[in-house]
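Structure below is protein-v5.tsv: TSV, C-alpha atoms.
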chain	number	residue	atom	x	y	z
A	1	MET	CA	2.42	-50.28	-143.82
A	2	THR	CA	0.08	-53.25	-144.09
A	3	ASN	CA	-0.98	-54.74	-147.41
A	4	GLU	CA	-4.43	-53.19	-147.06
A	5	ARG	CA	-2.94	-49.70	-146.59
A	6	ARG	CA	-0.57	-50.26	-149.52
A	7	GLU	CA	-3.44	-51.29	-151.79
A	8	ARG	CA	-5.47	-48.27	-150.69
A	9	ALA	CA	-2.48	-46.00	-151.36
A	10	ALA	CA	-1.95	-47.55	-154.79
A	11	ARG	CA	-5.62	-46.99	-155.71
A	12	ILE	CA	-5.40	-43.35	-154.59
A	13	ILE	CA	-2.22	-42.78	-156.62
A	14	ALA	CA	-3.74	-44.42	-159.70
A	15	ALA	CA	-6.89	-42.30	-159.36
A	16	ALA	CA	-4.81	-39.13	-159.01
A	17	VAL	CA	-2.78	-39.96	-162.11
A	18	VAL	CA	-5.71	-41.05	-164.29
A	19	HIS	CA	-8.54	-38.86	-163.00
A	20	GLY	CA	-6.66	-36.00	-161.31
A	21	THR	CA	-8.08	-32.51	-161.66
A	22	THR	CA	-4.78	-30.63	-161.49
A	23	THR	CA	-1.90	-30.43	-163.95
A	24	ASP	CA	0.44	-31.96	-161.36
A	25	PRO	CA	-0.56	-35.60	-160.70
A	26	ALA	CA	2.23	-36.13	-158.15
A	27	PHE	CA	0.96	-33.23	-156.04
A	28	GLU	CA	-2.60	-34.48	-156.42
A	29	ALA	CA	-1.55	-37.98	-155.26
A	30	ALA	CA	0.34	-36.60	-152.27
A	31	ARG	CA	-2.62	-34.41	-151.27
A	32	LEU	CA	-5.04	-37.32	-151.48
A	33	LEU	CA	-2.72	-39.64	-149.55
A	34	ASP	CA	-2.34	-36.99	-146.85
A	35	GLU	CA	-6.12	-36.52	-146.63
A	36	GLN	CA	-6.49	-40.28	-146.12
A	37	GLY	CA	-3.81	-40.26	-143.41
A	38	LEU	CA	-1.48	-42.48	-145.39
A	39	LEU	CA	1.54	-40.15	-145.27
A	40	ALA	CA	3.77	-40.47	-142.24
A	41	ASP	CA	4.85	-37.34	-140.41
A	42	VAL	CA	8.59	-37.12	-140.89
A	43	PRO	CA	10.37	-34.85	-138.43
A	44	ALA	CA	12.48	-32.09	-139.99
A	45	ASP	CA	15.46	-33.26	-137.93
A	46	PRO	CA	15.88	-37.05	-138.08
A	47	PHE	CA	17.45	-37.02	-134.62
A	48	GLU	CA	14.19	-35.74	-133.11
A	49	ALA	CA	12.60	-39.13	-133.74
A	50	PRO	CA	12.31	-41.34	-130.67
A	51	GLY	CA	15.33	-43.57	-130.14
A	52	ARG	CA	17.62	-41.50	-132.38
A	53	ASN	CA	20.48	-39.73	-130.64
A	54	ARG	CA	22.65	-37.08	-132.24
A	55	PRO	CA	26.25	-38.30	-132.29
A	56	VAL	CA	28.68	-36.41	-130.10
A	57	PRO	CA	31.60	-34.92	-132.07
A	58	SER	CA	34.90	-36.63	-131.33
A	59	PRO	CA	37.52	-34.65	-129.41
A	60	ALA	CA	39.79	-34.84	-132.47
A	61	ALA	CA	37.07	-33.33	-134.68
A	62	VAL	CA	36.44	-30.53	-132.18
A	63	ALA	CA	40.19	-29.81	-131.97
A	64	ALA	CA	40.56	-29.83	-135.76
A	65	LEU	CA	37.66	-27.39	-136.13
A	66	ALA	CA	39.21	-25.09	-133.52
A	67	ASP	CA	42.57	-25.25	-135.35
A	68	CYS	CA	40.90	-24.38	-138.65
A	69	ARG	CA	39.05	-21.42	-137.15
A	70	ARG	CA	42.20	-20.14	-135.44
A	71	ALA	CA	44.21	-20.49	-138.67
A	72	LYS	CA	41.51	-18.66	-140.65
A	73	LYS	CA	41.47	-15.78	-138.17
A	74	ILE	CA	45.26	-15.50	-138.16
A	75	ALA	CA	45.36	-15.61	-141.98
A	76	ASP	CA	42.75	-12.86	-142.18
A	77	ASP	CA	44.68	-10.74	-139.66
A	78	ALA	CA	48.01	-11.43	-141.37
A	79	GLN	CA	46.76	-10.05	-144.70
A	80	SER	CA	47.13	-6.50	-143.45
A	81	LEU	CA	50.44	-7.18	-141.67
A	82	VAL	CA	52.27	-8.58	-144.68
A	83	THR	CA	51.18	-6.17	-147.40
A	84	ASN	CA	54.30	-4.03	-146.95
A	85	LEU	CA	56.69	-7.00	-146.98
A	86	PRO	CA	58.52	-7.83	-150.24
A	87	GLY	CA	57.52	-10.57	-152.62
A	88	ALA	CA	53.82	-10.01	-153.43
A	89	PRO	CA	52.54	-12.15	-150.54
A	90	GLU	CA	49.42	-14.29	-150.66
A	91	VAL	CA	48.03	-15.59	-147.36
A	92	GLU	CA	45.43	-18.34	-146.98
A	93	ALA	CA	44.31	-20.88	-144.42
A	94	ALA	CA	43.46	-24.51	-145.05
A	95	GLY	CA	43.43	-27.60	-142.86
A	96	GLY	CA	44.35	-25.66	-139.71
A	97	GLU	CA	47.48	-24.26	-141.34
A	98	VAL	CA	48.32	-20.75	-142.55
A	99	LYS	CA	50.13	-20.67	-145.88
A	100	PHE	CA	52.23	-17.69	-146.95
A	101	VAL	CA	53.17	-17.72	-150.64
A	102	VAL	CA	55.82	-15.17	-151.63
A	103	HIS	CA	57.93	-14.33	-154.67
A	104	PRO	CA	61.05	-12.72	-153.18
A	105	GLN	CA	63.41	-10.83	-155.49
A	106	SER	CA	66.52	-11.54	-153.41
A	107	LEU	CA	67.78	-13.75	-150.61
A	108	ALA	CA	67.56	-10.69	-148.34
A	109	ASP	CA	63.80	-10.56	-149.03
A	110	TRP	CA	63.58	-14.28	-148.22
A	111	LYS	CA	65.53	-13.81	-144.97
A	112	GLN	CA	63.15	-10.98	-144.04
A	113	TRP	CA	60.21	-13.38	-144.42
A	114	LEU	CA	61.93	-16.06	-142.38
A	115	HIS	CA	62.65	-13.53	-139.63
A	116	ARG	CA	59.11	-12.10	-139.72
A	117	LEU	CA	57.58	-15.56	-139.23
A	118	GLY	CA	60.13	-16.56	-136.60
A	119	ALA	CA	61.44	-19.34	-138.81
A	120	GLY	CA	65.02	-18.15	-139.14
A	121	ASP	CA	66.47	-21.44	-137.92
A	122	ALA	CA	63.91	-23.68	-139.65
A	123	ARG	CA	65.19	-25.97	-142.35
A	124	GLY	CA	63.54	-25.54	-145.73
A	125	ARG	CA	62.78	-28.16	-148.32
A	126	SER	CA	63.26	-27.41	-151.99
A	127	THR	CA	60.58	-28.54	-154.41
A	128	GLY	CA	62.63	-27.39	-157.39
A	129	ALA	CA	60.78	-24.17	-158.12
A	130	ALA	CA	60.06	-23.17	-154.53
A	131	MET	CA	61.45	-23.44	-151.02
A	132	VAL	CA	58.96	-24.64	-148.40
A	133	VAL	CA	59.56	-23.91	-144.71
A	134	HIS	CA	57.26	-25.28	-142.00
A	135	CYS	CA	57.05	-23.28	-138.78
A	136	THR	CA	54.64	-22.01	-136.15
A	137	TYR	CA	53.19	-18.51	-136.50
A	138	LEU	CA	51.22	-17.08	-133.56
A	139	GLY	CA	50.62	-20.58	-132.22
A	140	VAL	CA	49.33	-22.03	-135.49
A	141	ARG	CA	51.07	-24.31	-137.97
A	142	ALA	CA	52.35	-22.27	-140.88
A	143	ARG	CA	54.01	-22.90	-144.20
A	144	LEU	CA	56.13	-20.34	-146.01
A	145	VAL	CA	56.48	-21.02	-149.74
A	146	GLY	CA	59.08	-18.93	-151.54
A	147	TYR	CA	59.03	-19.24	-155.32
A	148	GLY	CA	62.41	-18.74	-156.96
A	149	VAL	CA	64.36	-19.18	-153.70
A	150	PRO	CA	66.13	-22.44	-154.71
A	151	ALA	CA	67.42	-20.73	-157.86
A	152	MET	CA	68.73	-17.80	-155.79
A	153	TYR	CA	70.54	-20.20	-153.44
A	154	GLY	CA	71.94	-22.03	-156.45
A	155	GLU	CA	73.30	-18.78	-157.91
A	156	MET	CA	74.82	-17.87	-154.54
A	157	HIS	CA	76.56	-21.24	-154.23
A	158	ALA	CA	77.79	-21.09	-157.83
A	159	ALA	CA	79.26	-17.62	-157.21
A	160	GLN	CA	80.99	-18.89	-154.06
A	161	ARG	CA	82.51	-21.81	-155.99
A	162	ARG	CA	83.81	-19.48	-158.70
A	163	THR	CA	85.54	-17.25	-156.16
A	164	ALA	CA	86.97	-20.08	-154.07
A	165	VAL	CA	90.77	-20.29	-154.12
A	166	ARG	CA	92.08	-23.65	-155.24
A	167	PRO	CA	95.59	-24.80	-154.40

Represent the structure contained in this file as structure tokens.
Amino acid sequence: MTNERRERAARIIAAAVVHGTTTDPAFEAARLLDEQGLLADVPADPFEAPGRNRPVPSPAAVAALADCRRAKKIADDAQSLVTNLPGAPEVEAAGGEVKFVVHPQSLADWKQWLHRLGAGDARGRSTGAAMVVHCTYLGVRARLVGYGVPAMYGEMHAAQRRTAVRP
């Protein structure tokens, strides 16, 4: 915008603020600037402007989005499949991974979950209050979180030590 156009725009804005006939001086200034042709037409989509190209999504971003959608669909479908399994299951999807959170009452309940998710031979990691097992469920990364499982394993090992025969 040249200096002459800026000065003209400033005079129009000042006149709208000081002598405007509406209760909204900003609207009055915008209307007057538009009437004088001093407002630029801004396209609704900035990439429609000449010389602006919409960036192409990276293959990694496209793959991550597909993983997230697949995990969400599997989590939604799994809700109905796990309702009759023990441990008050909660199923959710985040970051392309399905997370099953359970509260098993026994190690047999925990083993049932491991078998159901096909993670029977997966090694779990104890976080103190919960056991976390990473596996693949229906082709999607999954995480099974069993609250109280480390304590149940601890009780089982303590019972085995008490019954062990010592020479």

(request) Just the residues within 12 Å of Pro25 in chain A, please, counting only C-alpha atoms, with nothing from its chain fewer than 4 positions along; format it as a list in words. (result)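 The neighbour list is Ile12, Ile13, Ala14, Ala15, Ala16, Val17, Val18, His19, Gly20, Thr21, Ala29, Ala30, Arg31 and Leu32 of chain A.
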
(message) Between CA of Thr83 in chain A and CA of Leu138 in chain A, what distance in Å does the model show, to one decimal?
(response) 17.6 Å

(request) Identify, on the basis of all atoms listed in the file, every residue whose closest approach to range 99-113 of chain A does not exceed 12 Å; exclude the query and any residue fewer than 4 positions from it along the same chain; express the result as a VMD selection string. (result) chain A and resid 71 to 72 74 to 76 78 to 79 81 to 95 117 to 122 124 129 to 137 140 to 156

(request) Could you tell me how far CA of Ser80 in chain A lies from CA of Arg116 in chain A, in Å and to one decimal? (result)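 Value for the CA of Ser80 in chain A-CA of Arg116 in chain A distance: 13.7 Å.
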
Please work out which residues fall within 7 Å of (43.3, -26.9, -138.6), coordinates as given in the file, with all atoms listed in the file counting, and return them as an mmCIF file with C-alpha atoms, keeping the file's coordinate frame.
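Dumped everything to selection18.cif:
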data_model
loop_
_atom_site.group_PDB
_atom_site.id
_atom_site.type_symbol
_atom_site.label_atom_id
_atom_site.label_comp_id
_atom_site.auth_asym_id
_atom_site.auth_seq_id
_atom_site.Cartn_x
_atom_site.Cartn_y
_atom_site.Cartn_z
ATOM 1 C CA ALA A 64 40.560 -29.830 -135.760
ATOM 2 C CA LEU A 65 37.660 -27.390 -136.130
ATOM 3 C CA ALA A 66 39.210 -25.090 -133.520
ATOM 4 C CA ASP A 67 42.570 -25.250 -135.350
ATOM 5 C CA CYS A 68 40.900 -24.380 -138.650
ATOM 6 C CA ALA A 71 44.210 -20.490 -138.670
ATOM 7 C CA ALA A 94 43.460 -24.510 -145.050
ATOM 8 C CA GLY A 95 43.430 -27.600 -142.860
ATOM 9 C CA GLY A 96 44.350 -25.660 -139.710
ATOM 10 C CA GLU A 97 47.480 -24.260 -141.340
#

(request) May I ask for the distance between CA of Asp34 in chain A and CA of Asn3 in chain A, given in Å to one decimal place? (result)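 That distance, rounded to one decimal, is 17.8 Å.
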